[in-house]
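**Q** This structure is in structure tokens; I'll ask about it shortly.
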Amino acid sequence: MGMQKINHISAKSIDDAVEQIGSYGHRAAAVAGGTDLLGILKDEVHPVYPQVLVDLKTIKGLDFIREESEGIKIGTLTTLSEITNNELIRKNYPLLADAAHAVASPQLRNMGTIGGNICQEPRCWYYRNPGNTFHCLRKGGDACPAMLGENRFHSIFGSIRVGSPGCCSSCPDNIDIPRYMERIRAGEIAEAGRIILEHNPMPAITGRVCPHFCEQGCNRNEQDSAVSVRAVERRIGDYILENIKAYIKPPAKDNGKKVAIVGGGPAGLTCAHFLRQKGFGVVIYDKQPKLGGMLRYGIPDFRLSQGVLDKEIDFLLSHGIVAKTGQRLGKDFTLDSLKKEGFDAIFLAMGSWVAKGMGIENESNSSIITGISFLEGVKWNGPPVLNGVVAVVGGGNTAIDAARTALRCGAGKVALLYRRTQAEMPAEEEEIEDAIKEGVEFQFLVAPKKAVVKGAKLSGLECCKMKLGESDSSGRPRPVEIKGSEFLFKADWVISAIGQDQNLLGLDNKSYGEITLTKWNTIDADPETFVTNAAGVFAGGDVVTGPATVVEAIAAGRKTAAAIDAYLSGKKVAVETTPKAVAKTLRGINDGSLKISDRVSIAEFAPKDRCIDIEDYITLDEGKTSLEAYRCLDCSCVAVNASDVAPALIALGAMIKTTRRSIAAEDFFTVSLMSTTVLEVNELVTEIFIPKPKAGTKFNFQKFRIRNSIDFPIVSIATALTFDGAKIKTARVVLGAVAPIPLRAVNVEEILIGKILNEETAELAGNVASKQTFPLELNHYKIQIMKGLIRKAILAEK
């Protein structure tokens, strides 16, 4: 690999540099000495190459060492060699001189600057692998490969959260799954419930019917099998319903604004909940006699019971949401009437309730019904008597639900006809497996051409065989008819479940103007803010996307609530982004997750014992829930901060001055995307101030590395001790290259106070430090090195 072409700007001043970087944002990179950044650019480590390189070396006046009455100031462009050789520093601040001298080789020290050293990027083989081979968490990816891979040089003091791990980034609702798994491991299921409710107000529902995209994104798939996130979420959801009073949160004070929500399905209910929490008056209008939408009328009770659904909806309504059921848009109310009633905003969430036809001859026969009508009819009238053979046409969840329901309605045989293969079926894999277990027959690469009737009686479907051709717009192979392959599939009933459309006839109005639609007969709304072309009208859920999943509808409802809040508050309606993770809280490694383990088994009724109105699966008990939570890798970063100078600056109590503020060295280092500091995009370090040490302070710097030159530390330590006679009075002990941030060993400092420097004290300090370690599989040896350096540093003060 080599350097790509990149624009180069020689900054005239620090203000010019800030302005130039600010204009390019994340597409700009600042170079001080270049010893770290240029190698990163040459190897194309970053996911996106910068457009411009702003050279700071051309700025005059930033390379100085200046003694003042209260300490010393060092310019950010001062080279490490200048610091190493400066007599003032060697005499009064030997700790910094030793740390600077420990950096790499003389050639690199001649180029490298103190500002560049403390701002260097993470030291991790995966992070720095050429070509961004491993798109890890620190670069916006969704995994830390070192957790289960090569981790000899990584943290022994735990990890720090950054970015969004695979489970969270795969979840349309961005639920913080590792965070609530951590609470489960701590025995705090109540708190786990509160964490889920921050994004998802119906976890008992999603814990039953969510397609668990999170499990598909779980990084544990690389080791054995994904964490059973949905099963754990179901347990938490049930716990919330069992302790409902503890979760009823009084909404904010009424703000005088009213929002009408058209549709009481998952999108509408979620939007109503989050708006009500912010103090909005909320009214839900729904055409059905009870709220729930497809949750109630489209999902069989053996997957989601009416009791659970009722409890979830009652919980939401208990916060002051008003529900008006049996109200159809365009008939019982209109957009104009809502405007006249004084609603400040409207959220359209009517769902997709119109079944698409097969487009075949004789489709109107009374023995041919749509999947939605069939499932809804079961909810209204109870299970019909289905004698004989039932053919279900389709490959999605509605088709699977209809097939399984038909068996429970007494059908002698149920066959599902699908024009592609099982690999292309959009239905959830678990639902397909359940259908197979229950006896549904699958016939793949088959498509109906016409319904065959004799008189008024259905004889079956004339079908043809298919083969797979080139990929179509869905990305799946296009089914192609095999000429002359027609055959009769005999059936007494046919259930058509090949897709759903939207009924948008009620959108006509004079108050807002024509609502723009798409060519797919959905409402045209921004996919992130859900704003339509009509001011004050928002739309989300299936009415925008077409038939999708419950969790996608919930996410749409939550995001729309935020957009409506911004709109009615006079703020800019913004796209939701993953919060920038700037954190320095070390998290212990869940070492149990590093071992191979099986998913917990979920109790279920045997196929022969299953019925139409009792759920097939049983909620996990507390023990199994905990076991599964312990399988969570808690994906976070274990790369170390390898700056040699950083531990010394923290031990010296240094302050780092930037173009915006002054930051204590102890607070300067953190873990964020492609950065090890708290600096903002266009914020630059200008100088470092080190206070004058107290008289008699003893310093020591130790570094263990594989080779004496070039290599970054395996472990390093900087100490600063003051004494009262022979006893230690104050202590600052800072460890380097053992954690994602330079680590001040406060527990070691505390036990050193009042001690005499001897072998016993040195051994005690090492043992105390090691008690808080969380080594990975391959780096246990670093604990012994750390203990050895602590001993060496303490005894060197004698």
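In the structure tokens, chains take the letters A, B, ... in the order shown, each chain's residues start at 1, and ligands count up from 1 in the order shown.
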Do a neighbour search on Pro693 in chain A at 10 Å with only C-alpha atoms, toss out local chain neighbours closer than 2 positions, and write the hits as a ChimeraX atom specification.
**A** /A:70-71,92-93,652-653,690-691,695-699,720,722
**Q** Taking N, CA and C atoms for each residue, export the selection above as a JSON list (two decimals), in the first residue's frame.
**A**
```json
[["chain", "number", "residue", "atom", "x", "y", "z"],
["A", 70, "GLU", "N", 5.21, 29.19, 38.79],
["A", 70, "GLU", "CA", 4.42, 28.08, 39.34],
["A", 70, "GLU", "C", 4.63, 26.76, 38.64],
["A", 71, "GLY", "N", 5.50, 26.73, 37.61],
["A", 71, "GLY", "CA", 5.73, 25.49, 36.91],
["A", 71, "GLY", "C", 6.41, 25.71, 35.58],
["A", 92, "ASN", "N", 14.27, 19.20, 37.14],
["A", 92, "ASN", "CA", 13.08, 19.39, 37.98],
["A", 92, "ASN", "C", 11.90, 18.48, 37.64],
["A", 93, "TYR", "N", 11.92, 17.95, 36.41],
["A", 93, "TYR", "CA", 10.81, 17.10, 35.97],
["A", 93, "TYR", "C", 11.36, 15.83, 35.32],
["A", 652, "LEU", "N", 2.29, 13.82, 37.13],
["A", 652, "LEU", "CA", 2.79, 15.16, 37.44],
["A", 652, "LEU", "C", 1.68, 16.17, 37.67],
["A", 653, "GLY", "N", 0.43, 15.77, 37.47],
["A", 653, "GLY", "CA", -0.70, 16.68, 37.66],
["A", 653, "GLY", "C", -0.77, 17.76, 36.60],
["A", 690, "ILE", "N", 2.88, 22.06, 33.51],
["A", 690, "ILE", "CA", 3.18, 21.12, 34.60],
["A", 690, "ILE", "C", 3.53, 21.92, 35.84],
["A", 691, "PRO", "N", 2.75, 21.76, 36.92],
["A", 691, "PRO", "CA", 3.04, 22.53, 38.14],
["A", 691, "PRO", "C", 4.37, 22.11, 38.75],
["A", 695, "ALA", "N", 8.86, 20.07, 47.00],
["A", 695, "ALA", "CA", 10.25, 19.73, 47.34],
["A", 695, "ALA", "C", 10.31, 18.31, 47.90],
["A", 696, "GLY", "N", 11.28, 17.57, 47.44],
["A", 696, "GLY", "CA", 11.47, 16.21, 47.94],
["A", 696, "GLY", "C", 10.66, 15.15, 47.21],
["A", 697, "THR", "N", 9.86, 15.54, 46.22],
["A", 697, "THR", "CA", 9.09, 14.55, 45.46],
["A", 697, "THR", "C", 10.04, 13.63, 44.71],
["A", 698, "LYS", "N", 9.76, 12.34, 44.80],
["A", 698, "LYS", "CA", 10.58, 11.36, 44.09],
["A", 698, "LYS", "C", 9.77, 10.78, 42.93],
["A", 699, "PHE", "N", 10.43, 10.71, 41.76],
["A", 699, "PHE", "CA", 9.77, 10.24, 40.55],
["A", 699, "PHE", "C", 10.43, 8.96, 40.04],
["A", 720, "ALA", "N", 4.93, 9.29, 41.38],
["A", 720, "ALA", "CA", 5.38, 10.52, 42.03],
["A", 720, "ALA", "C", 5.00, 10.41, 43.50],
["A", 722, "THR", "N", 5.63, 11.72, 47.62],
["A", 722, "THR", "CA", 6.19, 12.66, 48.60],
["A", 722, "THR", "C", 6.24, 11.95, 49.95]]
```
**Q** Quick one: residues within 12 Å of Ser471 in chain A, only C-alpha atoms, excluding same-chain residues fewer than 5 positions away - as a PyMOL selection string?
**A** chain A and resi 420+424+476-480
**Q** Between CA of Gly371 in chain A and CA of Gln443 in chain A, what is the distance in Å, rounded to a tenth?
**A**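 Between these atoms lies a distance of 17.8 Å.
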**Q** Tell me which protein, DNA and RNA residues are within 10 Å of Gly736 in chain A, counting only C-alpha atoms, leaving out same-chain ones fewer than 2 positions away, and put them as a VMD selection string.
**A** chain A and resid 155 640 to 648 702 to 703 713 to 718 734 738 to 744 786
**Q** Could you save those same residues with N, CA and C atoms as a PDB file, in the first residue's frame?
**A**
```
ATOM      1  N   SER A 155      -5.864  -4.844  26.938  1.00  0.00           N
ATOM      2  CA  SER A 155      -6.158  -4.412  28.304  1.00  0.00           C
ATOM      3  C   SER A 155      -6.274  -5.580  29.276  1.00  0.00           C
ATOM      4  N   VAL A 640      -5.311  -0.740  24.078  1.00  0.00           N
ATOM      5  CA  VAL A 640      -4.677   0.046  25.135  1.00  0.00           C
ATOM      6  C   VAL A 640      -4.226   1.408  24.618  1.00  0.00           C
ATOM      7  N   ASN A 641      -4.146   2.356  25.544  1.00  0.00           N
ATOM      8  CA  ASN A 641      -3.513   3.638  25.264  1.00  0.00           C
ATOM      9  C   ASN A 641      -2.021   3.454  25.522  1.00  0.00           C
ATOM     10  N   ALA A 642      -1.227   3.607  24.478  1.00  0.00           N
ATOM     11  CA  ALA A 642       0.191   3.283  24.581  1.00  0.00           C
ATOM     12  C   ALA A 642       1.095   4.518  24.605  1.00  0.00           C
ATOM     13  N   SER A 643       0.539   5.690  24.867  1.00  0.00           N
ATOM     14  CA  SER A 643       1.373   6.887  24.960  1.00  0.00           C
ATOM     15  C   SER A 643       2.335   6.746  26.134  1.00  0.00           C
ATOM     16  N   ASP A 644       3.617   6.933  25.866  1.00  0.00           N
ATOM     17  CA  ASP A 644       4.601   6.886  26.953  1.00  0.00           C
ATOM     18  C   ASP A 644       4.516   8.113  27.837  1.00  0.00           C
ATOM     19  N   VAL A 645       4.189   9.248  27.227  1.00  0.00           N
ATOM     20  CA  VAL A 645       4.184  10.507  27.953  1.00  0.00           C
ATOM     21  C   VAL A 645       2.948  10.647  28.838  1.00  0.00           C
ATOM     22  N   ALA A 646       1.827  10.051  28.421  1.00  0.00           N
ATOM     23  CA  ALA A 646       0.569  10.242  29.138  1.00  0.00           C
ATOM     24  C   ALA A 646       0.648   9.878  30.623  1.00  0.00           C
ATOM     25  N   PRO A 647       1.152   8.695  31.017  1.00  0.00           N
ATOM     26  CA  PRO A 647       1.215   8.387  32.450  1.00  0.00           C
ATOM     27  C   PRO A 647       2.046   9.395  33.241  1.00  0.00           C
ATOM     28  N   ALA A 648       3.122   9.865  32.623  1.00  0.00           N
ATOM     29  CA  ALA A 648       3.980  10.841  33.310  1.00  0.00           C
ATOM     30  C   ALA A 648       3.238  12.151  33.538  1.00  0.00           C
ATOM     31  N   GLN A 702       9.030   3.530  34.496  1.00  0.00           N
ATOM     32  CA  GLN A 702       9.457   2.213  34.055  1.00  0.00           C
ATOM     33  C   GLN A 702       8.635   1.815  32.828  1.00  0.00           C
ATOM     34  N   LYS A 703       9.297   1.149  31.917  1.00  0.00           N
ATOM     35  CA  LYS A 703       8.610   0.692  30.704  1.00  0.00           C
ATOM     36  C   LYS A 703       9.123  -0.688  30.320  1.00  0.00           C
ATOM     37  N   PRO A 713       4.903   0.313  24.653  1.00  0.00           N
ATOM     38  CA  PRO A 713       5.019  -0.450  25.904  1.00  0.00           C
ATOM     39  C   PRO A 713       4.047  -1.627  25.987  1.00  0.00           C
ATOM     40  N   ILE A 714       4.509  -2.676  26.607  1.00  0.00           N
ATOM     41  CA  ILE A 714       3.617  -3.767  27.007  1.00  0.00           C
ATOM     42  C   ILE A 714       2.952  -3.344  28.322  1.00  0.00           C
ATOM     43  N   VAL A 715       3.754  -2.776  29.199  1.00  0.00           N
ATOM     44  CA  VAL A 715       3.288  -2.151  30.446  1.00  0.00           C
ATOM     45  C   VAL A 715       4.243  -1.005  30.753  1.00  0.00           C
ATOM     46  N   SER A 716       3.720   0.081  31.274  1.00  0.00           N
ATOM     47  CA  SER A 716       4.582   1.159  31.774  1.00  0.00           C
ATOM     48  C   SER A 716       3.984   1.691  33.069  1.00  0.00           C
ATOM     49  N   ILE A 717       4.799   2.414  33.823  1.00  0.00           N
ATOM     50  CA  ILE A 717       4.332   2.989  35.087  1.00  0.00           C
ATOM     51  C   ILE A 717       5.067   4.284  35.360  1.00  0.00           C
ATOM     52  N   ALA A 718       4.341   5.269  35.861  1.00  0.00           N
ATOM     53  CA  ALA A 718       4.924   6.542  36.291  1.00  0.00           C
ATOM     54  C   ALA A 718       4.484   6.772  37.738  1.00  0.00           C
ATOM     55  N   VAL A 734       0.514   5.862  38.093  1.00  0.00           N
ATOM     56  CA  VAL A 734      -0.234   5.802  36.832  1.00  0.00           C
ATOM     57  C   VAL A 734       0.338   4.697  35.954  1.00  0.00           C
ATOM     58  N   VAL A 738      -2.065  -0.741  29.884  1.00  0.00           N
ATOM     59  CA  VAL A 738      -2.765  -1.853  30.528  1.00  0.00           C
ATOM     60  C   VAL A 738      -4.282  -1.701  30.438  1.00  0.00           C
ATOM     61  N   ALA A 739      -4.740  -0.597  29.864  1.00  0.00           N
ATOM     62  CA  ALA A 739      -6.169  -0.305  29.784  1.00  0.00           C
ATOM     63  C   ALA A 739      -6.403   0.617  28.586  1.00  0.00           C
ATOM     64  N   PRO A 740      -7.645   0.796  28.180  1.00  0.00           N
ATOM     65  CA  PRO A 740      -7.926   1.698  27.055  1.00  0.00           C
ATOM     66  C   PRO A 740      -7.576   3.155  27.321  1.00  0.00           C
ATOM     67  N   ILE A 741      -7.370   3.524  28.585  1.00  0.00           N
ATOM     68  CA  ILE A 741      -6.915   4.855  28.957  1.00  0.00           C
ATOM     69  C   ILE A 741      -5.739   4.706  29.917  1.00  0.00           C
ATOM     70  N   PRO A 742      -4.861   5.721  30.001  1.00  0.00           N
ATOM     71  CA  PRO A 742      -3.828   5.675  31.059  1.00  0.00           C
ATOM     72  C   PRO A 742      -4.557   5.566  32.399  1.00  0.00           C
ATOM     73  N   LEU A 743      -4.129   4.659  33.227  1.00  0.00           N
ATOM     74  CA  LEU A 743      -4.919   4.301  34.404  1.00  0.00           C
ATOM     75  C   LEU A 743      -4.243   4.734  35.694  1.00  0.00           C
ATOM     76  N   ARG A 744      -4.893   5.656  36.370  1.00  0.00           N
ATOM     77  CA  ARG A 744      -4.390   6.039  37.689  1.00  0.00           C
ATOM     78  C   ARG A 744      -4.811   4.971  38.691  1.00  0.00           C
ATOM     79  N   MET A 786       3.245  -6.149  35.209  1.00  0.00           N
ATOM     80  CA  MET A 786       2.783  -4.966  35.940  1.00  0.00           C
ATOM     81  C   MET A 786       3.251  -5.015  37.397  1.00  0.00           C
TER      82      MET A 786
END
```
**Q** Output as a PyMOL selection string all residues of range 421-530 of chain A that backbone DSSP marks as helix (DSSP H, G or I).
**A** chain A and resi 422-424+429-438+505-507
**Q** Using the selection just defined, write its residues with all heavy atoms as a tab-separated table (two decimals), in the first residue's frame.
**A**
```
chain	number	residue	atom	x	y	z
A	422	GLN	N	-36.74	-22.44	0.15
A	422	GLN	CA	-36.80	-22.04	1.56
A	422	GLN	C	-35.77	-20.95	1.88
A	422	GLN	O	-36.02	-20.08	2.71
A	422	GLN	CB	-36.57	-23.25	2.47
A	422	GLN	CG	-36.69	-22.93	3.95
A	422	GLN	CD	-36.64	-24.17	4.83
A	422	GLN	OE1	-36.94	-25.28	4.39
A	422	GLN	NE2	-36.28	-23.99	6.09
A	423	ALA	N	-34.63	-20.99	1.23
A	423	ALA	CA	-33.57	-20.00	1.50
A	423	ALA	C	-34.04	-18.57	1.20
A	423	ALA	O	-33.53	-17.62	1.81
A	423	ALA	CB	-32.33	-20.31	0.68
A	424	GLU	N	-34.99	-18.41	0.29
A	424	GLU	CA	-35.45	-17.08	-0.09
A	424	GLU	C	-36.70	-16.65	0.67
A	424	GLU	O	-37.19	-15.53	0.47
A	424	GLU	CB	-35.75	-17.00	-1.59
A	424	GLU	CG	-34.52	-17.02	-2.48
A	424	GLU	CD	-33.97	-18.42	-2.68
A	424	GLU	OE1	-34.77	-19.36	-2.87
A	424	GLU	OE2	-32.75	-18.58	-2.60
A	429	GLU	N	-37.01	-17.78	10.38
A	429	GLU	CA	-36.55	-19.17	10.34
A	429	GLU	C	-37.23	-20.02	11.41
A	429	GLU	O	-37.63	-21.16	11.16
A	429	GLU	CB	-35.04	-19.21	10.50
A	429	GLU	CG	-34.44	-20.59	10.34
A	429	GLU	CD	-32.92	-20.57	10.41
A	429	GLU	OE1	-32.34	-19.49	10.20
A	429	GLU	OE2	-32.34	-21.63	10.69
A	430	GLU	N	-37.36	-19.44	12.61
A	430	GLU	CA	-37.98	-20.20	13.70
A	430	GLU	C	-39.44	-20.53	13.40
A	430	GLU	O	-39.93	-21.62	13.75
A	430	GLU	CB	-37.91	-19.44	15.03
A	430	GLU	CG	-36.51	-19.33	15.61
A	430	GLU	CD	-35.83	-18.04	15.17
A	430	GLU	OE1	-36.23	-17.51	14.11
A	430	GLU	OE2	-34.92	-17.58	15.87
A	431	GLU	N	-40.14	-19.60	12.74
A	431	GLU	CA	-41.54	-19.85	12.41
A	431	GLU	C	-41.65	-20.96	11.36
A	431	GLU	O	-42.57	-21.79	11.41
A	431	GLU	CB	-42.19	-18.56	11.89
A	431	GLU	CG	-42.13	-17.39	12.86
A	431	GLU	CD	-42.74	-17.72	14.21
A	431	GLU	OE1	-43.80	-18.37	14.25
A	431	GLU	OE2	-42.15	-17.34	15.23
A	432	ILE	N	-40.73	-20.98	10.41
A	432	ILE	CA	-40.71	-22.04	9.41
A	432	ILE	C	-40.46	-23.38	10.09
A	432	ILE	O	-41.13	-24.39	9.80
A	432	ILE	CB	-39.63	-21.76	8.35
A	432	ILE	CG1	-39.95	-20.47	7.58
A	432	ILE	CG2	-39.51	-22.94	7.38
A	432	ILE	CD1	-38.84	-20.01	6.66
A	433	GLU	N	-39.49	-23.40	11.01
A	433	GLU	CA	-39.18	-24.64	11.71
A	433	GLU	C	-40.37	-25.13	12.52
A	433	GLU	O	-40.66	-26.33	12.56
A	433	GLU	CB	-37.96	-24.42	12.63
A	433	GLU	CG	-36.66	-24.20	11.87
A	433	GLU	CD	-35.52	-23.81	12.79
A	433	GLU	OE1	-35.77	-23.66	14.01
A	433	GLU	OE2	-34.38	-23.66	12.30
A	434	ASP	N	-41.09	-24.21	13.17
A	434	ASP	CA	-42.27	-24.60	13.93
A	434	ASP	C	-43.35	-25.18	13.01
A	434	ASP	O	-44.01	-26.17	13.35
A	434	ASP	CB	-42.84	-23.41	14.70
A	434	ASP	CG	-42.21	-23.25	16.08
A	434	ASP	OD1	-41.82	-24.26	16.67
A	434	ASP	OD2	-42.10	-22.12	16.55
A	435	ALA	N	-43.51	-24.56	11.85
A	435	ALA	CA	-44.51	-25.06	10.90
A	435	ALA	C	-44.17	-26.46	10.45
A	435	ALA	O	-45.05	-27.34	10.35
A	435	ALA	CB	-44.60	-24.11	9.70
A	436	ILE	N	-42.90	-26.70	10.21
A	436	ILE	CA	-42.47	-28.04	9.80
A	436	ILE	C	-42.72	-29.04	10.92
A	436	ILE	O	-43.23	-30.15	10.69
A	436	ILE	CB	-40.98	-28.02	9.40
A	436	ILE	CG1	-40.79	-27.18	8.13
A	436	ILE	CG2	-40.45	-29.44	9.20
A	436	ILE	CD1	-39.34	-26.93	7.76
A	437	LYS	N	-42.36	-28.67	12.16
A	437	LYS	CA	-42.59	-29.56	13.30
A	437	LYS	C	-44.06	-29.92	13.46
A	437	LYS	O	-44.40	-31.02	13.86
A	437	LYS	CB	-42.08	-28.91	14.59
A	437	LYS	CG	-40.57	-28.92	14.75
A	437	LYS	CD	-40.13	-28.53	16.15
A	437	LYS	CE	-40.50	-27.12	16.52
A	437	LYS	NZ	-39.94	-26.71	17.83
A	438	GLU	N	-44.91	-28.94	13.17
A	438	GLU	CA	-46.34	-29.14	13.38
A	438	GLU	C	-47.01	-29.90	12.23
A	438	GLU	O	-48.18	-30.27	12.33
A	438	GLU	CB	-47.02	-27.79	13.59
A	438	GLU	CG	-46.61	-27.13	14.90
A	438	GLU	CD	-47.03	-25.67	14.99
A	438	GLU	OE1	-47.82	-25.22	14.13
A	438	GLU	OE2	-46.57	-24.97	15.91
A	505	LEU	N	-57.41	5.88	0.99
A	505	LEU	CA	-58.53	6.66	0.45
A	505	LEU	C	-58.95	7.80	1.37
A	505	LEU	O	-59.56	8.77	0.92
A	505	LEU	CB	-59.73	5.74	0.18
A	505	LEU	CG	-59.49	4.64	-0.88
A	505	LEU	CD1	-60.73	3.77	-1.01
A	505	LEU	CD2	-59.12	5.28	-2.22
A	506	GLY	N	-58.65	7.71	2.66
A	506	GLY	CA	-59.11	8.74	3.60
A	506	GLY	C	-58.21	9.95	3.71
A	506	GLY	O	-58.43	10.81	4.58
A	507	LEU	N	-57.20	10.05	2.86
A	507	LEU	CA	-56.24	11.15	3.00
A	507	LEU	C	-56.71	12.46	2.37
A	507	LEU	O	-56.08	13.50	2.57
A	507	LEU	CB	-54.90	10.75	2.38
A	507	LEU	CG	-54.13	9.63	3.08
A	507	LEU	CD1	-52.83	9.35	2.35
A	507	LEU	CD2	-53.85	9.97	4.53
```
**Q** Contacts of Asp55 in chain A at 9 Å or less, counting only C-alpha atoms, minus same-chain residues fewer than 3 places along, as a ChimeraX atom specification?
**A** /A:8-11,17,29-32,58-59
**Q** What lies within 12 Å of Tyr512 in chain A using only C-alpha atoms, ignoring chain neighbours under 6 positions off, as a list in words?
**A**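 Residues meeting the cut-off are Thr334, Leu335, Asp336, Ser337, Leu338, Lys339, Lys340, Asp344, Ala345, Ile346, Thr532, Asn533, Ala534, Ala535, Gly536, Val537 and Phe538 of chain A.
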**Q** Would you please work out which residue, of A:Arg660, A:Arg296, A:Lys729, A:Arg276, is nearest to Val681 in chain A when using only C-alpha atoms?
**A** A:Arg660
**Q** Need the shell around Asn590 in chain A: protein/DNA/RNA residues with any atom at most 8 Å away, counting only C-alpha atoms. Skip same-chain ones fewer than 3 positions apart. Format as a list in words?
**A** Ser593, Leu594, Tyr630, Cys632, Leu633 and Asp634 of chain A
